[in-house]
file work.pdb (PDB, C-alpha atoms and all ligand atoms)
MODEL        1
ATOM      1  CA  MET A 124     -22.559  -9.943  27.153  1.00  0.00           C
ATOM      2  CA  ILE A 125     -21.564  -9.459  23.481  1.00  0.00           C
ATOM      3  CA  PRO A 126     -18.653 -11.755  22.454  1.00  0.00           C
ATOM      4  CA  PHE A 127     -15.307 -10.046  21.780  1.00  0.00           C
ATOM      5  CA  ALA A 128     -15.264 -11.155  18.110  1.00  0.00           C
ATOM      6  CA  VAL A 129     -18.694  -9.589  17.519  1.00  0.00           C
ATOM      7  CA  GLN A 130     -17.580  -6.361  19.232  1.00  0.00           C
ATOM      8  CA  LYS A 131     -14.512  -6.251  16.954  1.00  0.00           C
ATOM      9  CA  LEU A 132     -16.619  -6.809  13.852  1.00  0.00           C
ATOM     10  CA  PHE A 133     -19.073  -4.099  14.909  1.00  0.00           C
ATOM     11  CA  PHE A 134     -16.162  -1.691  15.559  1.00  0.00           C
ATOM     12  CA  TYR A 135     -14.702  -2.523  12.125  1.00  0.00           C
ATOM     13  CA  PHE A 136     -17.925  -1.646  10.270  1.00  0.00           C
ATOM     14  CA  TRP A 137     -18.408   1.442  12.453  1.00  0.00           C
ATOM     15  CA  LYS A 138     -14.896   2.701  11.528  1.00  0.00           C
ATOM     16  CA  LYS A 139     -15.542   2.049   7.835  1.00  0.00           C
ATOM     17  CA  LEU A 140     -18.811   4.015   8.026  1.00  0.00           C
ATOM     18  CA  MET A 141     -17.093   6.906   9.850  1.00  0.00           C
ATOM     19  CA  MET A 142     -14.414   7.017   7.162  1.00  0.00           C
ATOM     20  CA  LYS A 143     -17.116   7.298   4.479  1.00  0.00           C
ATOM     21  CA  ILE A 144     -18.740  10.174   6.357  1.00  0.00           C
ATOM     22  CA  ARG A 145     -15.668  12.068   7.596  1.00  0.00           C
ATOM     23  CA  GLY A 146     -13.021  11.107   5.028  1.00  0.00           C
ATOM     24  CA  CYS A 147      -9.712   9.420   5.757  1.00  0.00           C
ATOM     25  CA  LEU A 148      -8.012  10.565   8.980  1.00  0.00           C
ATOM     26  CA  PHE A 149      -4.509   9.592   7.846  1.00  0.00           C
ATOM     27  CA  CYS A 150      -4.925  11.390   4.487  1.00  0.00           C
ATOM     28  CA  GLN A 151      -5.883  14.447   6.536  1.00  0.00           C
ATOM     29  CA  ILE A 152      -2.818  14.032   8.790  1.00  0.00           C
ATOM     30  CA  ALA A 153      -0.590  13.651   5.711  1.00  0.00           C
ATOM     31  CA  ALA A 154      -2.081  16.871   4.310  1.00  0.00           C
ATOM     32  CA  HIS A 155      -1.551  18.642   7.679  1.00  0.00           C
ATOM     33  CA  GLU A 156      -5.293  19.152   7.972  1.00  0.00           C
ATOM     34  CA  LYS A 157      -5.475  17.191  11.245  1.00  0.00           C
ATOM     35  CA  PRO A 158      -2.897  17.465  14.051  1.00  0.00           C
ATOM     36  CA  ALA A 159      -0.267  14.802  14.677  1.00  0.00           C
ATOM     37  CA  LYS A 160       3.267  14.674  16.059  1.00  0.00           C
ATOM     38  CA  ILE A 161       5.015  14.309  12.724  1.00  0.00           C
ATOM     39  CA  LEU A 162       8.636  13.152  13.021  1.00  0.00           C
ATOM     40  CA  TYR A 163       9.506  12.764   9.359  1.00  0.00           C
ATOM     41  CA  GLU A 164       7.978  13.299   5.943  1.00  0.00           C
ATOM     42  CA  ASP A 165       9.012  13.170   2.317  1.00  0.00           C
ATOM     43  CA  GLU A 166       7.228  13.120  -1.032  1.00  0.00           C
ATOM     44  CA  ALA A 167       6.086   9.519  -0.561  1.00  0.00           C
ATOM     45  CA  CYS A 168       5.466   8.996   3.156  1.00  0.00           C
ATOM     46  CA  VAL A 169       4.784  10.555   6.554  1.00  0.00           C
ATOM     47  CA  VAL A 170       5.824   9.294  10.017  1.00  0.00           C
ATOM     48  CA  PHE A 171       4.020  10.359  13.185  1.00  0.00           C
ATOM     49  CA  GLN A 172       3.540   9.220  16.767  1.00  0.00           C
ATOM     50  CA  ASP A 173       0.620   6.904  17.493  1.00  0.00           C
ATOM     51  CA  ILE A 174      -1.986   8.731  19.552  1.00  0.00           C
ATOM     52  CA  HIS A 175      -2.440   5.687  21.856  1.00  0.00           C
ATOM     53  CA  PRO A 176       1.114   4.331  22.157  1.00  0.00           C
ATOM     54  CA  ARG A 177       1.387   0.617  22.985  1.00  0.00           C
ATOM     55  CA  ALA A 178       5.114   0.874  23.697  1.00  0.00           C
ATOM     56  CA  PRO A 179       7.571   3.644  24.719  1.00  0.00           C
ATOM     57  CA  VAL A 180       8.227   4.126  20.994  1.00  0.00           C
ATOM     58  CA  HIS A 181       5.156   3.695  18.783  1.00  0.00           C
ATOM     59  CA  LEU A 182       5.304   5.335  15.378  1.00  0.00           C
ATOM     60  CA  LEU A 183       3.160   4.990  12.288  1.00  0.00           C
ATOM     61  CA  VAL A 184       4.683   5.115   8.808  1.00  0.00           C
ATOM     62  CA  ILE A 185       2.079   5.857   6.134  1.00  0.00           C
ATOM     63  CA  PRO A 186       2.140   6.411   2.394  1.00  0.00           C
ATOM     64  CA  ARG A 187       1.085   9.946   1.490  1.00  0.00           C
ATOM     65  CA  ARG A 188      -1.263   8.536  -1.158  1.00  0.00           C
ATOM     66  CA  HIS A 189      -4.373   6.772   0.072  1.00  0.00           C
ATOM     67  CA  ILE A 190      -4.010   2.983   0.057  1.00  0.00           C
ATOM     68  CA  ALA A 191      -6.632   1.250   2.221  1.00  0.00           C
ATOM     69  CA  SER A 192      -4.633  -1.860   3.080  1.00  0.00           C
ATOM     70  CA  LEU A 193      -2.363  -4.619   1.759  1.00  0.00           C
ATOM     71  CA  ASN A 194      -5.514  -6.150   0.277  1.00  0.00           C
ATOM     72  CA  GLU A 195      -5.269  -3.683  -2.599  1.00  0.00           C
ATOM     73  CA  ASP A 196      -3.476  -4.703  -5.773  1.00  0.00           C
ATOM     74  CA  LEU A 197      -0.072  -3.176  -5.012  1.00  0.00           C
ATOM     75  CA  GLY A 198       1.913  -4.687  -7.871  1.00  0.00           C
ATOM     76  CA  LYS A 199       2.866  -1.223  -9.112  1.00  0.00           C
ATOM     77  CA  ASP A 200       3.706  -0.007  -5.615  1.00  0.00           C
ATOM     78  CA  GLU A 201       6.534  -2.320  -4.662  1.00  0.00           C
ATOM     79  CA  ALA A 202       9.046   0.541  -4.532  1.00  0.00           C
ATOM     80  CA  LEU A 203       6.709   2.497  -2.261  1.00  0.00           C
ATOM     81  CA  LEU A 204       6.218  -0.491   0.065  1.00  0.00           C
ATOM     82  CA  GLY A 205       9.985  -0.962   0.250  1.00  0.00           C
ATOM     83  CA  HIS A 206      10.388   2.733   0.997  1.00  0.00           C
ATOM     84  CA  LEU A 207       7.939   2.489   3.921  1.00  0.00           C
ATOM     85  CA  LEU A 208      10.020  -0.317   5.457  1.00  0.00           C
ATOM     86  CA  ALA A 209      13.315   1.474   4.811  1.00  0.00           C
ATOM     87  CA  VAL A 210      11.930   4.582   6.538  1.00  0.00           C
ATOM     88  CA  ALA A 211      10.609   2.427   9.418  1.00  0.00           C
ATOM     89  CA  GLY A 212      14.118   1.052   9.943  1.00  0.00           C
ATOM     90  CA  ARG A 213      15.677   4.503   9.770  1.00  0.00           C
ATOM     91  CA  MET A 214      13.178   5.855  12.313  1.00  0.00           C
ATOM     92  CA  ALA A 215      13.943   2.940  14.643  1.00  0.00           C
ATOM     93  CA  ARG A 216      17.641   3.791  14.449  1.00  0.00           C
ATOM     94  CA  GLU A 217      16.898   7.474  15.103  1.00  0.00           C
ATOM     95  CA  GLN A 218      14.758   6.526  18.114  1.00  0.00           C
ATOM     96  CA  GLY A 219      17.578   4.355  19.458  1.00  0.00           C
ATOM     97  CA  ILE A 220      15.567   1.113  19.540  1.00  0.00           C
ATOM     98  CA  ASP A 221      17.483  -0.699  16.798  1.00  0.00           C
ATOM     99  CA  GLY A 222      20.011  -2.252  19.191  1.00  0.00           C
ATOM    100  CA  THR A 223      17.492  -3.638  21.687  1.00  0.00           C
ATOM    101  CA  GLY A 224      14.959  -4.529  19.012  1.00  0.00           C
ATOM    102  CA  TYR A 225      11.637  -3.408  17.650  1.00  0.00           C
ATOM    103  CA  ARG A 226       8.652  -4.740  15.757  1.00  0.00           C
ATOM    104  CA  THR A 227       7.043  -3.567  12.513  1.00  0.00           C
ATOM    105  CA  VAL A 228       3.373  -4.502  12.157  1.00  0.00           C
ATOM    106  CA  ILE A 229       0.794  -4.067   9.406  1.00  0.00           C
ATOM    107  CA  ASN A 230      -2.734  -5.037  10.466  1.00  0.00           C
ATOM    108  CA  THR A 231      -5.068  -5.944   7.635  1.00  0.00           C
ATOM    109  CA  ASN A 232      -8.842  -6.014   8.096  1.00  0.00           C
ATOM    110  CA  ALA A 233     -11.110  -6.850  10.992  1.00  0.00           C
ATOM    111  CA  GLU A 234      -9.685  -9.984  12.558  1.00  0.00           C
ATOM    112  CA  ALA A 235      -6.164  -8.556  12.562  1.00  0.00           C
ATOM    113  CA  GLY A 236      -7.455  -5.427  14.284  1.00  0.00           C
ATOM    114  CA  GLN A 237      -7.146  -2.838  11.522  1.00  0.00           C
ATOM    115  CA  THR A 238      -9.084   0.224  12.637  1.00  0.00           C
ATOM    116  CA  VAL A 239      -7.791   2.899  10.255  1.00  0.00           C
ATOM    117  CA  PHE A 240      -8.217   1.992   6.608  1.00  0.00           C
ATOM    118  CA  HIS A 241      -5.186   3.820   5.277  1.00  0.00           C
ATOM    119  CA  LEU A 242      -2.157   1.513   5.075  1.00  0.00           C
ATOM    120  CA  HIS A 243       0.263   2.052   7.961  1.00  0.00           C
ATOM    121  CA  VAL A 244       3.320   0.341   9.363  1.00  0.00           C
ATOM    122  CA  HIS A 245       3.460   0.339  13.156  1.00  0.00           C
ATOM    123  CA  VAL A 246       6.990   0.657  14.589  1.00  0.00           C
ATOM    124  CA  LEU A 247       6.991  -0.515  18.212  1.00  0.00           C
ATOM    125  CA  GLY A 248       9.900  -0.698  20.615  1.00  0.00           C
ATOM    126  CA  GLY A 249      11.448   0.384  23.876  1.00  0.00           C
ATOM    127  CA  ARG A 250      10.128  -2.587  25.839  1.00  0.00           C
ATOM    128  CA  ILE A 251      10.104  -6.379  25.600  1.00  0.00           C
ATOM    129  CA  LEU A 252       7.511  -7.393  22.996  1.00  0.00           C
ATOM    130  CA  ARG A 253       5.919 -10.780  23.510  1.00  0.00           C
ATOM    131  CA  TRP A 254       5.428 -13.352  20.776  1.00  0.00           C
ATOM    132  CA  PRO A 255       3.030 -14.373  19.342  1.00  0.00           C
ATOM    133  CA  PRO A 256       1.010 -11.126  19.482  1.00  0.00           C
ATOM    134  CA  GLY A 257      -2.524 -11.496  20.847  1.00  0.00           C
TER     135      GLY A 257
HETATM  136  P1  LIG B 301      -4.622  -0.239  13.343  1.00  0.00           P
HETATM  137  O1  LIG B 301      -5.463  -0.652  14.523  1.00  0.00           O
HETATM  138  O2  LIG B 301      -3.551  -1.202  12.951  1.00  0.00           O
HETATM  139  O3  LIG B 301      -5.506   0.172  12.179  1.00  0.00           O
HETATM  140  O4  LIG B 301      -3.830   1.043  13.816  1.00  0.00           O
HETATM  141  C1  LIG B 301      -4.383   2.325  13.837  1.00  0.00           C
HETATM  142  C2  LIG B 301      -3.562   3.119  14.800  1.00  0.00           C
HETATM  143  O5  LIG B 301      -3.831   4.491  14.577  1.00  0.00           O
HETATM  144  C3  LIG B 301      -3.901   2.839  16.274  1.00  0.00           C
HETATM  145  O6  LIG B 301      -2.731   2.382  16.943  1.00  0.00           O
HETATM  146  C4  LIG B 301      -4.375   4.186  16.789  1.00  0.00           C
HETATM  147  O7  LIG B 301      -3.959   4.434  18.106  1.00  0.00           O
HETATM  148  C5  LIG B 301      -3.761   5.158  15.806  1.00  0.00           C
HETATM  149  N1  LIG B 301      -4.450   6.413  15.647  1.00  0.00           N
HETATM  150  C6  LIG B 301      -5.776   6.605  15.515  1.00  0.00           C
HETATM  151  N2  LIG B 301      -6.054   7.925  15.388  1.00  0.00           N
HETATM  152  C7  LIG B 301      -4.850   8.568  15.430  1.00  0.00           C
HETATM  153  C8  LIG B 301      -4.472   9.941  15.362  1.00  0.00           C
HETATM  154  N3  LIG B 301      -5.362  10.923  15.218  1.00  0.00           N
HETATM  155  N4  LIG B 301      -3.155  10.235  15.445  1.00  0.00           N
HETATM  156  C9  LIG B 301      -2.232   9.252  15.612  1.00  0.00           C
HETATM  157  N5  LIG B 301      -2.541   7.942  15.679  1.00  0.00           N
HETATM  158  C10 LIG B 301      -3.835   7.604  15.596  1.00  0.00           C
HETATM  159 ZN    ZN B 302      -6.182   7.861   3.471  1.00  0.00          ZN
ENDMDL
END

call {"tool": "encode", "arguments": {"input": "work.pdb", "output": "structure tokens"}}
result
Amino acid sequence: MIPFAVQKLFFYFWKKLMMKIRGCLFCQIAAHEKPAKILYEDEACVVFQDIHPRAPVHLLVIPRRHIASLNEDLGKDEALLGHLLAVAGRMAREQGIDGTGYRTVINTNAEAGQTVFHLHVHVLGGRILRWPPG
């Protein structure tokens, strides 16, 4: 039996290899080259439904421009990062989960469970979310 941590690490390197071969999935969604249920877009970001929702509302807010993760030097992108959060909040209000509550999550790298290496803000709500996350 392969330990869970080793499986996660293997999956992480597999995803990175696939991205090198096939290109970035979220860049392709942003360019409308791959299908997604897009709920909002502007010149800087795109919002679409997560394909494997972990809550009744599970959206992804992504920058249109490719940024792999928060590990990049984003000093010049502070306005863009703020915009992503502002849009996440607006989407939560539109989805009607602002009153009950929702969670915004950015996973960075293997041990946090990042599987798509294009920065994205998860917006999760519509059910009770436990803390701390697993
Ligand atoms: P993370 O694990 O934080 O990198 O999140 C990646 C998210 O992207 C996961 O929740 C996936 O379910 C989601 N995802 C992967 N492929 C697609 C797709 N084609 N359309 C929408 N969401 C996707
Ligand atoms: Zn990308």

call {"tool": "residues_around", "arguments": {"input": "work.pdb", "residues": "Gly146 of chain A", "least_positions_apart": "6", "cutoff": "12 Å", "atoms": "only C-alpha atoms", "output": "PyMOL selection string"}}
result
chain A and resi 138-140+152+156-157+189+239-241

call {"tool": "write_last_selection", "arguments": {"input": "work.pdb", "atoms": "C-alpha atoms", "output": "short mmCIF file (atom, residue, chain, number, x, y, z; two decimals), in the coordinates of the input"}}
result
data_model
loop_
_atom_site.label_atom_id
_atom_site.label_comp_id
_atom_site.auth_asym_id
_atom_site.auth_seq_id
_atom_site.Cartn_x
_atom_site.Cartn_y
_atom_site.Cartn_z
CA LYS A 138 -14.90 2.70 11.53
CA LYS A 139 -15.54 2.05 7.84
CA LEU A 140 -18.81 4.01 8.03
CA ILE A 152 -2.82 14.03 8.79
CA GLU A 156 -5.29 19.15 7.97
CA LYS A 157 -5.48 17.19 11.24
CA HIS A 189 -4.37 6.77 0.07
CA VAL A 239 -7.79 2.90 10.26
CA PHE A 240 -8.22 1.99 6.61
CA HIS A 241 -5.19 3.82 5.28
#

call {"tool": "resolve_selection", "arguments": {"input": "work.pdb", "expression": "the PyMOL selection byres (((not hetatm)) within 8 of (chain B and resi 302))", "output": "PyMOL selection string"}}
result
chain A and resi 146-151+187-191+240-242

call {"tool": "closest_atom_pairs", "arguments": {"input": "work.pdb", "of": "chain A", "to": "ligand LIG 301 (chain B)", "cutoff": "9 Å", "atoms": "all atoms listed in the file", "output": "tab-separated table"}}
result
residue	atom	partner	partner_atom	distance
A:Leu148	CA	B:LIG301	N3	6.8
A:Phe149	CA	B:LIG301	C8	7.5
A:Ile152	CA	B:LIG301	N3	7.6
A:Lys157	CA	B:LIG301	N3	7.4
A:Pro158	CA	B:LIG301	N3	7.1
A:Ala159	CA	B:LIG301	N4	5.5
A:Lys160	CA	B:LIG301	C9	7.7
A:Phe171	CA	B:LIG301	C9	6.8
A:Gln172	CA	B:LIG301	C9	5.9
A:Asp173	CA	B:LIG301	N5	3.8
A:Ile174	CA	B:LIG301	C9	4.0
A:His175	CA	B:LIG301	O7	4.2
A:Pro176	CA	B:LIG301	O7	6.5
A:Arg177	CA	B:LIG301	O6	7.5
A:His181	CA	B:LIG301	O6	8.2
A:Leu182	CA	B:LIG301	N5	8.3
A:Leu183	CA	B:LIG301	N5	7.3
A:Val228	CA	B:LIG301	O2	7.7
A:Ile229	CA	B:LIG301	O2	6.3
A:Asn230	CA	B:LIG301	O2	4.6
A:Thr231	CA	B:LIG301	O2	7.3
A:Asn232	CA	B:LIG301	O3	8.1
A:Ala235	CA	B:LIG301	O2	7.8
A:Gly236	CA	B:LIG301	O1	5.2
A:Gln237	CA	B:LIG301	O3	3.5
A:Thr238	CA	B:LIG301	O3	3.6
A:Val239	CA	B:LIG301	O3	4.0
A:Phe240	CA	B:LIG301	O3	6.5
A:His241	CA	B:LIG301	O3	7.8
A:Leu242	CA	B:LIG301	O3	8.0
A:His243	CA	B:LIG301	O2	7.1
A:Val244	CA	B:LIG301	O2	7.9
A:His245	CA	B:LIG301	O2	7.2

call {"tool": "closest_atom_pairs", "arguments": {"input": "work.pdb", "of": "segment 149-215 of chain A", "to": "segment 252-256 of chain A", "cutoff": "12 Å", "atoms": "all atoms listed in the file", "output": "tab-separated table"}}
result
residue	atom	partner	partner_atom	distance
A:Arg177	CA	A:Leu252	CA	10.1
A:Ala178	CA	A:Leu252	CA	8.6
A:Pro179	CA	A:Leu252	CA	11.2
A:Val180	CA	A:Leu252	CA	11.7

call {"tool": "resolve_selection", "arguments": {"input": "work.pdb", "expression": "the PyMOL selection byres (((chain A and resi 218-221) around 10) and not hetatm)", "output": "number ranges by chain"}}
result
A: 179-180, 182, 212-217, 222-226, 246-250

call {"tool": "atom_distance", "arguments": {"input": "work.pdb", "atom1": "atom CA of His206 of chain A", "atom2": "atom CA of Ala233 of chain A"}}
result
25.6 Å

call {"tool": "axis_aligned_box", "arguments": {"input": "work.pdb", "around": "segment 193-207 of chain A", "padding_each_side": "5 Å", "output": "AutoDock Vina command-line options"}}
result
--center_x 2.4 --center_y -1.7 --center_z -2.6 --size_x 25.9 --size_y 18.9 --size_z 23.0

call {"tool": "atom_distance", "arguments": {"input": "work.pdb", "atom1": "atom CA of Phe136 of chain A", "atom2": "atom CA of Asn194 of chain A"}}
result
16.6 Å

call {"tool": "atom_distance", "arguments": {"input": "work.pdb", "atom1": "atom CA of Met141 of chain A", "atom2": "atom CA of Ser192 of chain A"}}
result
16.7 Å

call {"tool": "resolve_selection", "arguments": {"input": "work.pdb", "expression": "the PyMOL selection byres (((chain A and resi 170) around 7) and not hetatm)", "output": "ChimeraX atom specification"}}
result
/A:161-164,168-169,171,182-185

call {"tool": "closest_residue", "arguments": {"input": "work.pdb", "among": "A:Ile125, A:Ala167, A:Ala153, A:Ile144", "to": "Ala202 of chain A", "atoms": "only C-alpha atoms"}}
result
A:Ala167

call {"tool": "build_atoms", "arguments": {"input": "work.pdb", "residues": "segment 149-174 of chain A", "atoms": "N, CA and C atoms", "output": "CSV table (one decimal), keeping the file's coordinate frame"}}
result
chain,number,residue,atom,x,y,z
A,149,PHE,N,-5.9,9.6,8.1
A,149,PHE,CA,-4.5,9.6,7.8
A,149,PHE,C,-4.2,10.4,6.6
A,150,CYS,N,-5.1,10.5,5.6
A,150,CYS,CA,-4.9,11.4,4.5
A,150,CYS,C,-4.9,12.8,5.0
A,151,GLN,N,-5.8,13.1,6.0
A,151,GLN,CA,-5.9,14.4,6.5
A,151,GLN,C,-4.6,14.8,7.3
A,152,ILE,N,-4.1,13.8,8.1
A,152,ILE,CA,-2.8,14.0,8.8
A,152,ILE,C,-1.7,14.3,7.8
A,153,ALA,N,-1.6,13.5,6.7
A,153,ALA,CA,-0.6,13.7,5.7
A,153,ALA,C,-0.7,15.0,5.1
A,154,ALA,N,-1.9,15.5,4.9
A,154,ALA,CA,-2.1,16.9,4.3
A,154,ALA,C,-2.0,18.0,5.3
A,155,HIS,N,-1.7,17.7,6.6
A,155,HIS,CA,-1.6,18.6,7.7
A,155,HIS,C,-2.9,19.3,8.0
A,156,GLU,N,-4.0,18.6,7.7
A,156,GLU,CA,-5.3,19.2,8.0
A,156,GLU,C,-5.8,18.7,9.4
A,157,LYS,N,-5.2,17.7,9.9
A,157,LYS,CA,-5.5,17.2,11.2
A,157,LYS,C,-4.2,17.1,12.0
A,158,PRO,N,-4.2,17.4,13.3
A,158,PRO,CA,-2.9,17.5,14.1
A,158,PRO,C,-2.3,16.1,14.3
A,159,ALA,N,-1.0,16.0,14.3
A,159,ALA,CA,-0.3,14.8,14.7
A,159,ALA,C,1.2,15.2,15.0
A,160,LYS,N,1.8,14.4,15.8
A,160,LYS,CA,3.3,14.7,16.1
A,160,LYS,C,4.1,14.0,14.9
A,161,ILE,N,4.3,14.8,13.9
A,161,ILE,CA,5.0,14.3,12.7
A,161,ILE,C,6.5,14.4,13.0
A,162,LEU,N,7.2,13.2,12.8
A,162,LEU,CA,8.6,13.2,13.0
A,162,LEU,C,9.4,13.2,11.7
A,163,TYR,N,8.8,12.8,10.6
A,163,TYR,CA,9.5,12.8,9.4
A,163,TYR,C,8.5,12.8,8.2
A,164,GLU,N,8.8,13.4,7.1
A,164,GLU,CA,8.0,13.3,5.9
A,164,GLU,C,8.8,13.5,4.7
A,165,ASP,N,8.4,12.9,3.6
A,165,ASP,CA,9.0,13.2,2.3
A,165,ASP,C,7.9,13.1,1.3
A,166,GLU,N,8.3,13.1,0.0
A,166,GLU,CA,7.2,13.1,-1.0
A,166,GLU,C,6.3,11.9,-1.0
A,167,ALA,N,6.8,10.8,-0.5
A,167,ALA,CA,6.1,9.5,-0.6
A,167,ALA,C,5.4,9.1,0.7
A,168,CYS,N,6.0,9.5,1.9
A,168,CYS,CA,5.5,9.0,3.2
A,168,CYS,C,5.5,10.0,4.3
A,169,VAL,N,4.8,9.7,5.3
A,169,VAL,CA,4.8,10.6,6.6
A,169,VAL,C,4.9,9.6,7.8
A,170,VAL,N,5.7,10.1,8.8
A,170,VAL,CA,5.8,9.3,10.0
A,170,VAL,C,5.4,10.2,11.2
A,171,PHE,N,4.5,9.6,12.0
A,171,PHE,CA,4.0,10.4,13.2
A,171,PHE,C,3.8,9.4,14.4
A,172,GLN,N,3.7,10.0,15.6
A,172,GLN,CA,3.5,9.2,16.8
A,172,GLN,C,2.1,8.7,16.8
A,173,ASP,N,2.0,7.5,17.3
A,173,ASP,CA,0.6,6.9,17.5
A,173,ASP,C,0.0,7.6,18.7
A,174,ILE,N,-1.3,7.9,18.5
A,174,ILE,CA,-2.0,8.7,19.6
A,174,ILE,C,-2.2,7.9,20.8
